[in-house]
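So this one's run.pdb, PDB, C-alpha atoms, pLDDT in the B column:
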ATOM      1  CA  MET G 981       4.874   6.665 -19.270  1.00 88.00           C
ATOM      2  CA  PRO G 982       6.770   7.599 -22.402  1.00 89.00           C
ATOM      3  CA  CYS G 983       5.354   4.809 -24.579  1.00 90.00           C
ATOM      4  CA  PRO G 984       2.064   3.848 -26.229  1.00 91.00           C
ATOM      5  CA  PRO G 985      -0.618   2.188 -24.073  1.00 94.00           C
ATOM      6  CA  VAL G 986      -0.093  -1.229 -25.666  1.00 93.00           C
ATOM      7  CA  GLU G 987       3.531  -1.286 -24.471  1.00 91.00           C
ATOM      8  CA  ALA G 988       2.730   0.151 -21.035  1.00 91.00           C
ATOM      9  CA  TRP G 989       0.048  -2.532 -20.656  1.00 93.00           C
ATOM     10  CA  ALA G 990       2.457  -5.337 -21.605  1.00 92.00           C
ATOM     11  CA  ILE G 991       4.984  -4.223 -18.994  1.00 91.00           C
ATOM     12  CA  ALA G 992       2.371  -3.735 -16.251  1.00 92.00           C
ATOM     13  CA  VAL G 993       0.753  -7.168 -16.735  1.00 95.00           C
ATOM     14  CA  ASP G 994       4.059  -9.021 -16.702  1.00 94.00           C
ATOM     15  CA  TRP G 995       2.704 -10.616 -13.530  1.00 96.00           C
ATOM     16  CA  GLU G 996       5.832 -12.129 -11.993  1.00 96.00           C
ATOM     17  CA  ARG G 997       7.826  -8.930 -12.542  1.00 93.00           C
ATOM     18  CA  GLN G 998       5.343  -6.681 -10.733  1.00 93.00           C
ATOM     19  CA  PRO G 999       7.304  -6.852  -7.443  1.00 92.00           C
ATOM     20  CA  ASP G1000      10.132  -5.044  -9.298  1.00 90.00           C
ATOM     21  CA  TRP G1001       8.018  -1.879  -9.198  1.00 89.00           C
ATOM     22  CA  MET G1002       5.057  -2.591  -6.907  1.00 87.00           C
ATOM     23  CA  LEU G1003       6.325  -1.824  -3.401  1.00 84.00           C
ATOM     24  CA  ASP G1004       3.676  -3.765  -1.481  1.00 85.00           C
ATOM     25  CA  ALA G1005       4.063  -6.962  -3.552  1.00 90.00           C
ATOM     26  CA  ASP G1006       6.691  -9.407  -2.350  1.00 93.00           C
ATOM     27  CA  ARG G1007       5.802 -12.090  -4.926  1.00 96.00           C
ATOM     28  CA  VAL G1008       3.162 -12.531  -7.654  1.00 97.00           C
ATOM     29  CA  GLU G1009       2.270 -15.963  -9.024  1.00 97.00           C
ATOM     30  CA  VAL G1010      -0.208 -16.906 -11.730  1.00 98.00           C
ATOM     31  CA  VAL G1011      -2.195 -19.871 -10.387  1.00 98.00           C
ATOM     32  CA  SER G1012      -4.609 -20.324 -13.290  1.00 98.00           C
ATOM     33  CA  GLU G1013      -3.793 -22.037 -16.573  1.00 96.00           C
ATOM     34  CA  ARG G1014      -4.482 -18.862 -18.502  1.00 95.00           C
ATOM     35  CA  ARG G1015      -2.290 -15.773 -18.186  1.00 96.00           C
ATOM     36  CA  LYS G1016      -4.498 -13.316 -20.098  1.00 97.00           C
ATOM     37  CA  GLY G1017      -8.124 -12.279 -19.899  1.00 98.00           C
ATOM     38  CA  VAL G1018     -10.976 -12.375 -17.442  1.00 98.00           C
ATOM     39  CA  GLY G1019     -10.537 -15.195 -14.950  1.00 98.00           C
ATOM     40  CA  VAL G1020      -6.750 -15.090 -14.592  1.00 98.00           C
ATOM     41  CA  ARG G1021      -6.089 -15.981 -10.969  1.00 98.00           C
ATOM     42  CA  LEU G1022      -3.113 -14.660  -9.041  1.00 97.00           C
ATOM     43  CA  ARG G1023      -1.590 -15.268  -5.639  1.00 97.00           C
ATOM     44  CA  VAL G1024       0.100 -12.120  -4.312  1.00 95.00           C
ATOM     45  CA  ARG G1025       2.384 -12.181  -1.278  1.00 94.00           C
ATOM     46  CA  THR G1026       1.666  -8.730   0.174  1.00 87.00           C
ATOM     47  CA  ARG G1027       3.873  -6.575   2.359  1.00 85.00           C
ATOM     48  CA  ILE G1028       2.682  -4.207   5.052  1.00 79.00           C
ATOM     49  CA  LEU G1029       5.250  -1.582   6.012  1.00 77.00           C
ATOM     50  CA  GLY G1030       7.855  -3.575   4.072  1.00 80.00           C
ATOM     51  CA  VAL G1031       7.229  -6.888   5.861  1.00 84.00           C
ATOM     52  CA  PRO G1032       5.620  -9.845   4.010  1.00 87.00           C
ATOM     53  CA  ALA G1033       2.315 -10.154   5.858  1.00 86.00           C
ATOM     54  CA  PHE G1034      -0.185 -12.320   3.952  1.00 87.00           C
ATOM     55  CA  THR G1035      -0.871 -14.007   0.636  1.00 92.00           C
ATOM     56  CA  GLU G1036      -3.860 -12.633  -1.192  1.00 92.00           C
ATOM     57  CA  PRO G1037      -5.798 -14.373  -3.972  1.00 95.00           C
ATOM     58  CA  MET G1038      -6.763 -12.028  -6.786  1.00 95.00           C
ATOM     59  CA  GLU G1039      -8.660 -12.517 -10.021  1.00 97.00           C
ATOM     60  CA  VAL G1040      -8.931 -10.487 -13.209  1.00 98.00           C
ATOM     61  CA  ALA G1041     -12.531  -9.223 -13.335  1.00 98.00           C
ATOM     62  CA  GLU G1042     -12.204  -6.985 -16.425  1.00 98.00           C
ATOM     63  CA  TRP G1043      -9.650  -7.191 -19.227  1.00 98.00           C
ATOM     64  CA  ASP G1044      -9.765  -4.547 -21.941  1.00 98.00           C
ATOM     65  CA  PRO G1045      -6.224  -4.201 -23.340  1.00 98.00           C
ATOM     66  CA  PRO G1046      -4.634  -1.764 -23.603  1.00 97.00           C
ATOM     67  CA  ARG G1047      -7.179   0.455 -21.809  1.00 98.00           C
ATOM     68  CA  ARG G1048      -8.503  -1.051 -18.585  1.00 98.00           C
ATOM     69  CA  LEU G1049      -7.707  -3.856 -16.156  1.00 98.00           C
ATOM     70  CA  VAL G1050      -9.729  -4.596 -13.020  1.00 98.00           C
ATOM     71  CA  LEU G1051      -8.491  -7.016 -10.375  1.00 96.00           C
ATOM     72  CA  ARG G1052     -10.803  -8.375  -7.685  1.00 95.00           C
ATOM     73  CA  HIS G1053      -9.177  -8.765  -4.260  1.00 92.00           C
ATOM     74  CA  GLY G1054     -10.311 -11.873  -2.431  1.00 86.00           C
ATOM     75  CA  ALA G1055      -9.083 -12.570   1.091  1.00 78.00           C
ATOM     76  CA  ILE G1056      -8.194 -10.170   3.880  1.00 77.00           C
ATOM     77  CA  VAL G1057      -8.700  -7.332   1.416  1.00 79.00           C
ATOM     78  CA  HIS G1058     -12.026  -7.100  -0.450  1.00 83.00           C
ATOM     79  CA  GLY G1059     -12.826  -4.874  -3.385  1.00 89.00           C
ATOM     80  CA  ARG G1060     -11.261  -3.974  -6.694  1.00 93.00           C
ATOM     81  CA  GLY G1061      -8.163  -2.380  -8.087  1.00 91.00           C
ATOM     82  CA  THR G1062      -8.470  -0.654 -11.459  1.00 96.00           C
ATOM     83  CA  TRP G1063      -5.669   0.275 -13.843  1.00 96.00           C
ATOM     84  CA  LEU G1064      -6.365   2.661 -16.703  1.00 97.00           C
ATOM     85  CA  PHE G1065      -3.931   3.302 -19.552  1.00 97.00           C
ATOM     86  CA  VAL G1066      -4.907   6.654 -21.060  1.00 97.00           C
ATOM     87  CA  PRO G1067      -3.277   7.676 -24.366  1.00 97.00           C
ATOM     88  CA  GLN G1068      -1.434  11.002 -24.193  1.00 96.00           C
ATOM     89  CA  PRO G1069       0.443  12.902 -26.920  1.00 95.00           C
ATOM     90  CA  ASP G1070       3.750  11.948 -25.279  1.00 91.00           C
ATOM     91  CA  GLY G1071       2.871   8.399 -24.199  1.00 92.00           C
ATOM     92  CA  THR G1072       0.479   6.914 -21.651  1.00 94.00           C
ATOM     93  CA  ARG G1073      -1.019   8.184 -18.421  1.00 94.00           C
ATOM     94  CA  PHE G1074      -1.260   5.316 -15.928  1.00 93.00           C
ATOM     95  CA  VAL G1075      -4.138   5.692 -13.443  1.00 94.00           C
ATOM     96  CA  TRP G1076      -4.375   3.301 -10.492  1.00 90.00           C
ATOM     97  CA  VAL G1077      -7.457   3.296  -8.242  1.00 90.00           C
ATOM     98  CA  GLU G1078      -8.056   0.923  -5.334  1.00 86.00           C
ATOM     99  CA  ASP G1079     -11.584   0.608  -3.923  1.00 85.00           C
ATOM    100  CA  VAL G1080     -10.948  -1.820  -1.082  1.00 76.00           C
ATOM    101  CA  ARG G1081     -11.867  -2.623   2.485  1.00 70.00           C
ATOM    102  CA  LEU G1082     -10.460  -5.042   5.044  1.00 70.00           C
ATOM    103  CA  ALA G1083     -12.469  -8.165   5.850  1.00 65.00           C
ATOM    104  CA  VAL G1084     -12.265  -7.544   9.594  1.00 63.00           C
ATOM    105  CA  PRO G1085     -15.301  -5.452  10.662  1.00 63.00           C
ATOM    106  CA  VAL G1086     -14.740  -2.275  12.710  1.00 56.00           C
ATOM    107  CA  VAL G1087     -11.050  -2.995  13.413  1.00 60.00           C
ATOM    108  CA  GLY G1088     -10.476  -3.390   9.674  1.00 59.00           C
ATOM    109  CA  GLU G1089     -12.140  -0.060   8.945  1.00 67.00           C
ATOM    110  CA  LEU G1090     -10.028   1.696  11.570  1.00 66.00           C
ATOM    111  CA  ALA G1091      -6.838   0.052  10.301  1.00 63.00           C
ATOM    112  CA  ALA G1092      -7.739   0.996   6.711  1.00 65.00           C
ATOM    113  CA  ARG G1093      -8.231   4.647   7.678  1.00 70.00           C
ATOM    114  CA  ILE G1094      -4.898   4.736   9.491  1.00 70.00           C
ATOM    115  CA  TYR G1095      -3.092   2.938   6.654  1.00 67.00           C
ATOM    116  CA  ALA G1096      -4.746   4.935   3.809  1.00 73.00           C
ATOM    117  CA  PRO G1097      -2.085   7.706   3.672  1.00 78.00           C
ATOM    118  CA  VAL G1098       0.665   5.063   3.608  1.00 73.00           C
ATOM    119  CA  LEU G1099      -1.126   3.183   0.831  1.00 70.00           C
ATOM    120  CA  ARG G1100      -1.514   6.393  -1.234  1.00 77.00           C
ATOM    121  CA  ARG G1101       2.236   7.027  -0.961  1.00 78.00           C
ATOM    122  CA  LEU G1102       3.018   3.393  -1.846  1.00 75.00           C
ATOM    123  CA  MET G1103       0.814   3.551  -4.930  1.00 76.00           C
ATOM    124  CA  ALA G1104       2.357   6.848  -6.064  1.00 80.00           C
ATOM    125  CA  ARG G1105       5.872   5.481  -5.543  1.00 81.00           C
ATOM    126  CA  ALA G1106       4.970   2.241  -7.351  1.00 80.00           C
ATOM    127  CA  ALA G1107       3.649   4.196 -10.346  1.00 79.00           C
ATOM    128  CA  ALA G1108       6.860   6.260 -10.365  1.00 79.00           C
ATOM    129  CA  ARG G1109       8.939   3.052 -10.208  1.00 79.00           C
ATOM    130  CA  LEU G1110       6.944   1.609 -13.101  1.00 80.00           C
ATOM    131  CA  ARG G1111       7.650   4.756 -15.124  1.00 78.00           C
ATOM    132  CA  HIS G1112      11.340   4.576 -14.161  1.00 78.00           C
ATOM    133  CA  ARG G1113      11.417   0.919 -15.220  1.00 75.00           C
ATOM    134  CA  VAL G1114       9.973   1.870 -18.592  1.00 74.00           C
ATOM    135  CA  ILE G1115      12.449   4.727 -19.109  1.00 74.00           C
ATOM    136  CA  HIS G1116      15.664   3.317 -17.667  1.00 69.00           C
ATOM    137  CA  GLY G1117      15.295  -0.443 -17.738  1.00 58.00           C
ATOM    138  CA  GLY G1118      17.283  -2.258 -20.358  1.00 42.00           C
ATOM    139  CA  PRO G1119      16.051  -5.312 -22.257  1.00 39.00           C
ATOM    140  CA  ALA G1120      17.209  -7.566 -19.384  1.00 38.00           C
ATOM    141  CA  ASN G1121      14.938  -5.668 -16.993  1.00 39.00           C
ATOM    142  CA  ARG G1122      11.925  -5.723 -19.315  1.00 40.00           C
ATOM    143  CA  GLY G1123      12.171  -9.318 -20.443  1.00 44.00           C
ATOM    144  CA  ALA G1124      10.852  -9.665 -23.970  1.00 42.00           C
ATOM    145  CA  HIS G1125       9.237  -6.223 -23.959  1.00 43.00           C
ATOM    146  CA  ARG G1126      10.839  -3.756 -26.309  1.00 44.00           C
ATOM    147  CA  ALA G1127      11.867  -0.365 -24.995  1.00 44.00           C
ATOM    148  CA  CYS G1128       9.136   2.232 -24.848  1.00 51.00           C
TER     149      CYS G1128
END
In structure tokens, how does this file's structure come out?
Amino acid sequence: MPCPPVEAWAIAVDWERQPDWMLDADRVEVVSERRKGVGVRLRVRTRILGVPAFTEPMEVAEWDPPRRLVLRHGAIVHGRGTWLFVPQPDGTRFVWVEDVRLAVPVVGELAARIYAPVLRRLMARAAARLRHRVIHGGPANRGAHRAC
């Protein structure tokens, strides 16, 4: 992303606006009193193949702005998603890693293996949409965030 990590971080953790760039998120709600730091709890309405399928509770497990964010998945999906914001000479490299499994034994593992290529494409497209949002979004699209 063509901006410093602190600005990339601010845009990425604008929780309610994540569905603007995150293709598998239909809606994101903060359900805890706090909005920053370890312990922030989210409710994410998740899409599968474009269809809202389930609502997943998530919680911030690690919060190290503007370098690292780890979210713990907590319902049908178990595991962690990690976002890294790596400084680069021309901005920030955004790295997104999901280490997850489905809560349904055997069937869940099979479904995860079948869905893995789709999920990789979704994550790559979401990262590209986030970058596009940073580059082309005006102040109305970025809320209070200043342009990167």
Checklist entry - Could you list as a list of chain:residue names every residue that has an atom within 10 Å of (-7.4, 1.8, -19.6), using the file's coordinates and counting all atoms listed in the file? => result G:Pro985, G:Val986, G:Trp989, G:Trp1043, G:Asp1044, G:Pro1045, G:Pro1046, G:Arg1047, G:Arg1048, G:Leu1049, G:Val1050, G:Thr1062, G:Trp1063, G:Leu1064, G:Phe1065, G:Val1066, G:Pro1067, G:Thr1072, G:Arg1073, G:Phe1074, G:Val1075, G:Trp1076
Next on the checklist: Which residues would end up in the selection if the PyMOL selection byres ((chain G and resi 1040) around 9) were applied here, given that I need the answer as a list in words?
Outcome noted: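 Expected selection for the PyMOL selection byres ((chain G and resi 1040) around 9) here is Lys1016, Gly1017, Val1018, Gly1019, Val1020, Arg1021, Leu1022, Met1038, Glu1039, Ala1041, Glu1042, Trp1043, Leu1049, Val1050, Leu1051 and Arg1052 of chain G.
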Checklist entry - What separation in Å, quoted to one decimal, exists between atom CA of Asp994 of chain G and atom CA of Arg1023 of chain G? => result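 Distance between the two atoms: 13.9 Å.
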Could you state which residues are captured by the PyMOL selection byres ((chain G and resi 983) around 7) in this file, as a PDB file with C-alpha atoms, in the frame of the given file?
ATOM      1  CA  MET G 981       4.874   6.665 -19.270  1.00 88.00           C
ATOM      2  CA  PRO G 982       6.770   7.599 -22.402  1.00 89.00           C
ATOM      3  CA  PRO G 984       2.064   3.848 -26.229  1.00 91.00           C
ATOM      4  CA  PRO G 985      -0.618   2.188 -24.073  1.00 94.00           C
ATOM      5  CA  GLU G 987       3.531  -1.286 -24.471  1.00 91.00           C
ATOM      6  CA  ALA G 988       2.730   0.151 -21.035  1.00 91.00           C
ATOM      7  CA  GLY G1071       2.871   8.399 -24.199  1.00 92.00           C
ATOM      8  CA  THR G1072       0.479   6.914 -21.651  1.00 94.00           C
ATOM      9  CA  CYS G1128       9.136   2.232 -24.848  1.00 51.00           C
TER      10      CYS G1128
END
Item to check | Gap from atom CA of Arg1111 of chain G to atom CA of Asp1004 of chain G - Å, one decimal | outcome: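 Rounded to one decimal, the two atoms are 16.6 Å apart.
Our summary of the geometry notes that atom CA of Pro1037 of chain G is positioned 5.4 Å from atom CA of Gly1054 of chain G.
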Picked residues, the PyMOL selection byres ((chain G and resi 1099) around 12), as a PDB file with C-alpha atoms, in the frame of the given file:
ATOM      1  CA  MET G1002       5.057  -2.591  -6.907  1.00 87.00           C
ATOM      2  CA  LEU G1003       6.325  -1.824  -3.401  1.00 84.00           C
ATOM      3  CA  ASP G1004       3.676  -3.765  -1.481  1.00 85.00           C
ATOM      4  CA  ARG G1027       3.873  -6.575   2.359  1.00 85.00           C
ATOM      5  CA  ILE G1028       2.682  -4.207   5.052  1.00 79.00           C
ATOM      6  CA  LEU G1029       5.250  -1.582   6.012  1.00 77.00           C
ATOM      7  CA  GLY G1030       7.855  -3.575   4.072  1.00 80.00           C
ATOM      8  CA  TRP G1076      -4.375   3.301 -10.492  1.00 90.00           C
ATOM      9  CA  VAL G1077      -7.457   3.296  -8.242  1.00 90.00           C
ATOM     10  CA  GLU G1078      -8.056   0.923  -5.334  1.00 86.00           C
ATOM     11  CA  ASP G1079     -11.584   0.608  -3.923  1.00 85.00           C
ATOM     12  CA  VAL G1080     -10.948  -1.820  -1.082  1.00 76.00           C
ATOM     13  CA  ALA G1091      -6.838   0.052  10.301  1.00 63.00           C
ATOM     14  CA  ALA G1092      -7.739   0.996   6.711  1.00 65.00           C
ATOM     15  CA  ARG G1093      -8.231   4.647   7.678  1.00 70.00           C
ATOM     16  CA  ILE G1094      -4.898   4.736   9.491  1.00 70.00           C
ATOM     17  CA  TYR G1095      -3.092   2.938   6.654  1.00 67.00           C
ATOM     18  CA  ALA G1096      -4.746   4.935   3.809  1.00 73.00           C
ATOM     19  CA  PRO G1097      -2.085   7.706   3.672  1.00 78.00           C
ATOM     20  CA  VAL G1098       0.665   5.063   3.608  1.00 73.00           C
ATOM     21  CA  ARG G1100      -1.514   6.393  -1.234  1.00 77.00           C
ATOM     22  CA  ARG G1101       2.236   7.027  -0.961  1.00 78.00           C
ATOM     23  CA  LEU G1102       3.018   3.393  -1.846  1.00 75.00           C
ATOM     24  CA  MET G1103       0.814   3.551  -4.930  1.00 76.00           C
ATOM     25  CA  ALA G1104       2.357   6.848  -6.064  1.00 80.00           C
ATOM     26  CA  ARG G1105       5.872   5.481  -5.543  1.00 81.00           C
ATOM     27  CA  ALA G1106       4.970   2.241  -7.351  1.00 80.00           C
TER      28      ALA G1106
END
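Residues in contact with Thr1026 of chain G at 9 Å, where all atoms listed in the file are counted and same-chain residues fewer than 5 positions away are skipped, are listed as Asp1004, Ala1005, Asp1006, Arg1007, Val1008, Val1031, Pro1032, Ala1033, Phe1034, Thr1035 and Glu1036 of chain G.
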